[in-house]
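Visitor: My structure is in my_file32.cif, and what it holds is mmCIF, C-alpha atoms and all ligand atoms:
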data_coords
#
loop_
_atom_site.label_atom_id
_atom_site.label_comp_id
_atom_site.auth_asym_id
_atom_site.auth_seq_id
_atom_site.Cartn_x
_atom_site.Cartn_y
_atom_site.Cartn_z
CA MET E 297 123.43 116.03 110.25
CA ASN E 298 121.11 113.14 109.30
CA ASP E 299 120.89 111.94 105.71
CA ILE E 300 117.41 110.84 104.73
CA LYS E 301 116.74 109.16 101.41
CA LEU E 302 113.24 108.85 100.03
CA ALA E 303 111.98 107.42 96.74
CA LEU E 304 108.77 108.33 94.93
CA LEU E 305 107.10 105.50 93.08
CA GLY E 306 103.92 105.23 91.03
CA SER E 307 102.35 105.16 87.59
CA GLN E 308 103.13 107.57 84.82
CA GLY E 309 101.11 110.74 85.25
CA ALA E 310 99.99 109.99 88.82
CA GLY E 311 101.57 113.28 89.87
CA LYS E 312 104.77 112.14 91.60
CA SER E 313 106.83 115.12 90.44
CA ALA E 314 103.97 117.52 91.18
CA VAL E 315 103.64 116.17 94.74
CA LEU E 316 107.37 116.36 95.34
CA VAL E 317 107.84 119.83 93.84
CA ARG E 318 104.88 121.05 95.89
CA PHE E 319 106.64 119.83 99.03
CA LEU E 320 110.06 121.20 98.09
CA THR E 321 109.01 124.59 96.70
CA ARG E 322 105.38 125.04 97.87
CA ARG E 323 104.48 125.61 94.24
CA PHE E 324 102.51 123.63 91.68
CA ILE E 325 104.18 123.37 88.32
CA GLY E 326 101.97 121.90 85.62
CA GLU E 327 104.39 119.90 83.46
CA TYR E 328 107.61 118.00 84.12
CA ALA E 329 109.99 115.97 81.98
CA SER E 330 108.90 112.39 82.50
CA ASN E 331 111.64 110.48 80.70
CA THR E 332 114.47 111.02 83.17
CA ASN E 333 115.39 109.89 86.66
CA SER E 334 115.76 112.91 88.96
CA LEU E 335 117.45 113.24 92.33
CA TYR E 336 116.38 116.23 94.43
CA HIS E 337 118.33 117.57 97.43
CA LYS E 338 117.05 119.78 100.21
CA ARG E 339 118.29 120.79 103.63
CA LEU E 340 115.55 121.07 106.17
CA SER E 341 114.97 121.14 109.87
CA ILE E 342 112.42 118.90 111.58
CA ASP E 343 111.91 118.91 115.35
CA GLY E 344 115.05 121.02 115.66
CA ARG E 345 117.21 118.51 113.76
CA GLN E 346 119.05 119.45 110.60
CA LEU E 347 118.51 116.99 107.76
CA ASN E 348 119.93 116.40 104.33
CA LEU E 349 117.00 115.14 102.33
CA GLU E 350 117.52 113.33 99.04
CA VAL E 351 114.49 112.29 97.00
CA PHE E 352 114.71 109.99 94.02
CA ASP E 353 111.99 110.54 91.41
CA PRO E 354 112.56 107.81 88.84
CA CYS E 355 110.97 107.43 85.41
CA SER E 356 107.52 105.95 85.77
CA GLN E 357 107.11 102.37 86.81
CA GLY E 358 104.71 100.09 84.99
CA SER E 359 103.35 97.16 86.95
CA GLU E 360 105.82 94.81 85.24
CA ALA E 361 108.89 96.96 85.81
CA ARG E 362 110.38 95.18 88.77
CA CYS E 363 113.94 95.94 87.69
CA ILE E 364 113.26 99.71 87.86
CA LEU E 365 111.98 99.24 91.39
CA GLU E 366 114.89 97.28 92.74
CA GLU E 367 117.38 100.12 92.72
CA PRO E 368 115.30 102.61 94.72
CA VAL E 369 114.03 99.83 96.98
CA ASP E 370 117.58 99.03 98.06
CA TRP E 371 118.68 102.66 98.26
CA ALA E 372 115.82 104.43 100.00
CA ASP E 373 115.07 104.74 103.72
CA GLY E 374 111.41 105.44 103.01
CA PHE E 375 108.90 105.55 100.16
CA VAL E 376 106.06 107.67 98.85
CA VAL E 377 103.82 105.59 96.57
CA VAL E 378 101.53 107.82 94.51
CA TYR E 379 98.38 106.96 92.56
CA ASN E 380 95.78 109.12 90.87
CA ILE E 381 92.32 108.85 92.45
CA SER E 382 90.74 109.32 89.01
CA ASP E 383 92.68 106.41 87.48
CA ARG E 384 92.03 102.92 88.83
CA THR E 385 94.96 101.45 86.88
CA SER E 386 97.34 103.65 88.82
CA PHE E 387 95.82 102.32 92.06
CA ILE E 388 96.35 98.72 90.95
CA ASN E 389 99.91 99.63 90.08
CA ALA E 390 100.40 101.19 93.52
CA LYS E 391 99.18 97.91 95.04
CA ASN E 392 101.85 96.00 93.07
CA ILE E 393 104.53 98.48 94.06
CA LEU E 394 103.65 98.13 97.76
CA ARG E 395 103.87 94.35 97.42
CA GLN E 396 107.24 94.59 95.68
CA ILE E 397 108.64 96.92 98.34
CA ARG E 398 107.56 94.45 101.01
CA GLU E 399 108.98 91.43 99.18
CA THR E 400 112.30 93.03 98.29
CA ARG E 401 112.75 94.39 101.78
CA MET E 402 111.91 91.05 103.34
CA GLU E 403 114.55 89.35 101.21
CA ASN E 404 117.19 91.95 102.04
CA CYS E 405 116.50 92.84 105.68
CA LYS E 406 115.21 89.69 107.29
CA GLY E 407 113.10 90.28 110.37
CA GLU E 408 113.63 94.04 110.37
CA MET E 409 110.97 96.53 111.30
CA ASP E 410 108.84 97.63 108.32
CA VAL E 411 110.37 100.34 106.17
CA PRO E 412 108.33 103.58 106.39
CA VAL E 413 105.97 104.06 103.44
CA CYS E 414 103.21 106.56 102.69
CA LEU E 415 100.51 105.75 100.14
CA VAL E 416 99.25 108.94 98.48
CA GLY E 417 96.03 109.33 96.49
CA ASN E 418 96.74 112.42 94.38
CA LYS E 419 94.45 114.66 92.28
CA GLN E 420 91.79 114.94 94.98
CA ASP E 421 90.54 118.03 93.12
CA LEU E 422 89.34 115.63 90.38
CA CYS E 423 86.87 113.95 92.74
CA HIS E 424 84.05 114.39 90.18
CA ALA E 425 86.00 111.83 88.08
CA ARG E 426 86.98 109.64 91.03
CA GLN E 427 87.60 105.95 90.26
CA VAL E 428 89.14 104.97 93.61
CA ARG E 429 87.20 105.53 96.83
CA GLU E 430 89.05 107.01 99.78
CA ASP E 431 88.28 103.96 101.95
CA GLU E 432 89.89 101.70 99.31
CA GLY E 433 93.10 103.70 99.61
CA ARG E 434 92.92 103.61 103.39
CA GLY E 435 92.23 99.86 103.32
CA LEU E 436 95.23 99.19 101.07
CA ALA E 437 97.42 101.26 103.37
CA GLN E 438 96.18 99.31 106.40
CA GLU E 439 96.91 95.99 104.68
CA ASN E 440 100.45 97.19 104.04
CA ARG E 441 100.88 98.86 107.46
CA CYS E 442 101.69 102.21 105.92
CA ASN E 443 100.44 105.80 106.17
CA PHE E 444 97.78 107.11 103.84
CA GLN E 445 96.82 110.55 102.63
CA GLU E 446 94.68 111.89 99.81
CA VAL E 447 96.06 115.16 98.42
CA SER E 448 95.82 117.58 95.55
CA ALA E 449 99.24 118.75 94.42
CA ALA E 450 97.40 121.25 92.24
CA GLU E 451 95.47 122.87 95.06
CA SER E 452 97.11 122.41 98.40
CA TYR E 453 100.47 122.43 100.12
CA GLN E 454 99.67 121.62 103.74
CA ASP E 455 98.55 117.98 103.40
CA ILE E 456 101.65 117.24 101.34
CA ALA E 457 103.95 118.97 103.83
CA ASN E 458 102.33 116.99 106.66
CA LEU E 459 102.72 113.64 104.95
CA PHE E 460 106.40 114.21 104.16
CA THR E 461 107.11 115.48 107.68
CA GLN E 462 105.41 112.46 109.22
CA LEU E 463 107.27 110.09 106.91
CA ILE E 464 110.64 111.72 107.63
CA ARG E 465 110.00 111.42 111.39
CA GLN E 466 109.28 107.72 110.92
CA VAL E 467 112.43 107.29 108.83
CA MET E 468 114.50 108.93 111.58
CA GLU E 469 112.97 106.53 114.14
CA HIS E 470 113.61 103.61 111.83
CA LEU E 471 117.26 104.58 111.25
CA LYS E 472 117.75 105.00 114.98
CA TYR E 473 116.20 101.58 115.62
CA ARG E 474 118.53 99.99 113.05
CA ALA E 475 121.60 101.75 114.45
CA ASP E 476 120.71 100.69 118.02
CA LYS E 477 120.13 97.13 116.86
CA ARG E 478 123.48 97.05 115.06
CA ARG E 479 125.24 98.51 118.10
CA TYR E 480 123.51 96.01 120.40
CA SER E 481 124.33 92.99 118.23
CA GLY E 482 127.86 94.40 117.78
CA SER E 483 128.37 94.62 121.53
CA LYS E 484 126.80 91.19 121.97
CA SER E 485 129.22 89.62 119.52
CA MET E 486 132.10 91.53 121.11
CA ALA E 487 131.06 90.17 124.51
CA LYS E 488 130.93 86.67 123.01
CA LEU E 489 134.37 87.11 121.48
CA ILE E 490 135.85 88.37 124.77
CA ASN E 491 134.21 85.47 126.55
CA ASN E 492 135.62 82.98 124.08
CA VAL E 493 139.12 84.37 124.41
CA PHE E 494 139.24 85.05 128.15
CA GLY E 495 136.24 83.15 129.45
CA LYS E 496 137.97 79.90 130.35
CA ARG E 497 141.03 81.60 131.82
CA ARG E 498 138.83 83.88 133.90
CA LYS E 499 136.93 80.92 135.28
CA SER E 500 140.07 79.17 136.42
CA VAL E 501 141.36 82.23 138.32
N1 LIG E 601 94.20 118.12 88.38
C1 LIG E 601 95.39 117.77 88.86
N2 LIG E 601 96.40 117.54 88.00
C2 LIG E 601 97.59 117.18 88.54
C3 LIG E 601 97.82 117.07 89.92
N3 LIG E 601 99.09 116.66 90.12
C4 LIG E 601 99.64 116.56 88.92
N4 LIG E 601 98.75 116.86 87.95
C5 LIG E 601 98.98 116.84 86.50
O1 LIG E 601 99.17 115.48 86.13
C6 LIG E 601 100.14 115.41 85.08
C7 LIG E 601 101.25 114.46 85.51
O2 LIG E 601 101.94 115.04 86.60
P1 LIG E 601 103.45 114.64 86.94
O3 LIG E 601 103.81 115.26 88.23
O4 LIG E 601 104.32 114.89 85.77
O5 LIG E 601 103.26 113.07 87.12
P2 LIG E 601 104.39 111.97 87.30
O6 LIG E 601 103.79 110.89 88.11
O7 LIG E 601 105.65 112.59 87.81
O8 LIG E 601 104.55 111.49 85.83
P3 LIG E 601 105.85 110.85 85.11
O9 LIG E 601 106.96 111.85 85.30
O10 LIG E 601 105.39 110.70 83.72
O11 LIG E 601 106.12 109.59 85.79
C8 LIG E 601 100.61 116.82 84.82
O12 LIG E 601 99.87 117.33 83.72
C9 LIG E 601 100.24 117.57 86.08
O13 LIG E 601 99.98 118.93 85.84
C10 LIG E 601 96.71 117.35 90.81
O14 LIG E 601 96.79 117.27 92.04
N5 LIG E 601 95.52 117.68 90.21
#
Give the structure from this file in structure tokens form.

Guide:
Amino acid sequence: MNDIKLALLGSQGAGKSAVLVRFLTRRFIGEYASNTNSLYHKRLSIDGRQLNLEVFDPCSQGSEARCILEEPVDWADGFVVVYNISDRTSFINAKNILRQIRETRMENCKGEMDVPVCLVGNKQDLCHARQVREDEGRGLAQENRCNFQEVSAAESYQDIANLFTQLIRQVMEHLKYRADKRRYSGSKSMAKLINNVFGKRRKSV
């Protein structure tokens, strides 16, 4: 059974909990407690593989709150960064969060493949009050080499299900890549060790 850990990040009121609960339960629930960190668990099957999904939904992150970000950034295998398309400030905050994920990951996992991230523009149903164009969201995602999807947690399940499924597939690939890399460098250093110990003797035989 694979364990997959995701973290949801974004401004207060962007709809993080609504997006997540929509994915987990298919339902839209209007109001959520916003002053607590929540950890959600779900067992699911993707491409015939059983998964233990854990999703961390922390208290909201302001653009200055780097310390709140560090914990999930170290813990998670993948991220969903949510902004509200009718709130430009939340988009600017999402931009900062993407930068912080990149920087923290670069410090911690030098040279590793990018961690899977999906940028989500929520509240698409409020397009009459739109402050962030769809191509701006797409452009930001391209700059950060991550997925992008506009959704409405209030109105639709399918887009949200698709984005989580795609992200989880990428996380599984990423974890496999890391495990293979570790195994390869492990066997390389084992070969080096064996060579150091027996190499000379072997040569003289
Ligand atoms: N119109 C509309 N409202 C939404 C949508 N998603 C969430 N909301 C509303 O936006 C408000 C904030 O949603 P939350 O899911 O609590 O947002 P959050 O990002 O988790 O907020 P914090 O917990 O404060 O960080 C609530 O009143 C939701 O009902 C959406 O897709 N469309």

Visitor: Between CA of Ser448 (chain E) and CA of Phe319 (chain E), what is the distance, to one decimal in Å?

Guide: 11.6 Å

Visitor: Kindly provide, as a PyMOL selection string, all nucleotide and amino acid residues lying within 8 Å of ligand LIG 601 (chain E), counting all atoms listed in the file.

Guide: chain E and resi 306-315+324-332+353-357+378+418-422+447-451

Visitor: Write a file of the selected residues as a short mmCIF file (atom, residue, chain, number, x, y, z; two decimals), keeping the file's coordinate frame, keeping C-alpha atoms.

Guide:
data_model
loop_
_atom_site.label_atom_id
_atom_site.label_comp_id
_atom_site.auth_asym_id
_atom_site.auth_seq_id
_atom_site.Cartn_x
_atom_site.Cartn_y
_atom_site.Cartn_z
CA GLY E 306 103.92 105.23 91.03
CA SER E 307 102.35 105.16 87.59
CA GLN E 308 103.13 107.57 84.82
CA GLY E 309 101.11 110.74 85.25
CA ALA E 310 99.99 109.99 88.82
CA GLY E 311 101.57 113.28 89.87
CA LYS E 312 104.77 112.14 91.60
CA SER E 313 106.83 115.12 90.44
CA ALA E 314 103.97 117.52 91.18
CA VAL E 315 103.64 116.17 94.74
CA PHE E 324 102.51 123.63 91.68
CA ILE E 325 104.18 123.37 88.32
CA GLY E 326 101.97 121.90 85.62
CA GLU E 327 104.39 119.90 83.46
CA TYR E 328 107.61 118.00 84.12
CA ALA E 329 109.99 115.97 81.98
CA SER E 330 108.90 112.39 82.50
CA ASN E 331 111.64 110.48 80.70
CA THR E 332 114.47 111.02 83.17
CA ASP E 353 111.99 110.54 91.41
CA PRO E 354 112.56 107.81 88.84
CA CYS E 355 110.97 107.43 85.41
CA SER E 356 107.52 105.95 85.77
CA GLN E 357 107.11 102.37 86.81
CA VAL E 378 101.53 107.82 94.51
CA ASN E 418 96.74 112.42 94.38
CA LYS E 419 94.45 114.66 92.28
CA GLN E 420 91.79 114.94 94.98
CA ASP E 421 90.54 118.03 93.12
CA LEU E 422 89.34 115.63 90.38
CA VAL E 447 96.06 115.16 98.42
CA SER E 448 95.82 117.58 95.55
CA ALA E 449 99.24 118.75 94.42
CA ALA E 450 97.40 121.25 92.24
CA GLU E 451 95.47 122.87 95.06
#

Visitor: With only C-alpha atoms as the basis for distance, which of E:Asp343, E:Asp410, E:Glu432, E:Asp455 is at the shortest distance from Arg398 (chain E)?

Guide: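 Going through E:Asp343, E:Asp410, E:Glu432, E:Asp455 one by one, the smallest distance to Arg398 (chain E) is for E:Asp410.
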
Visitor: Write out as number ranges by chain each polymer residue whose atoms come within 10 Å of Leu316 (chain E), counting all atoms listed in the file; drop sequence neighbours fewer than 5 positions from it.

Guide: E: 304, 311, 321-324, 336, 351-353, 376, 449, 456-457, 460

Visitor: With 5 Å added on each side, what axis-aligned box encloses every listed atom of region 375-384 of chain E? Give the centre and edge lengths in Å to one decimal, as AutoDock Vina command-line options.

Guide:
--center_x 99.8 --center_y 106.1 --center_z 93.8 --size_x 28.2 --size_y 16.4 --size_z 22.7

Visitor: Between CA of Val428 (chain E) and CA of Thr400 (chain E), what is the distance in Å, rounded to a tenth?

Guide: 26.5 Å

Visitor: Using only C-alpha atoms and a cutoff of 6 Å, can you tell me which residues are near (112.3, 105.6, 107.6) in the file's coordinates, and write them out as a list in words?

Guide: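 Within the cut-off we find Asp373, Gly374, Val411, Pro412, Gln466, Val467, Met468 and His470 of chain E.
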
Visitor: To one decimal in Å, tell me the separation between CA of Arg339 (chain E) and CA of Phe375 (chain E).

Guide: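 Computed distance, CA of Arg339 (chain E) to CA of Phe375 (chain E), equals 18.2 Å.
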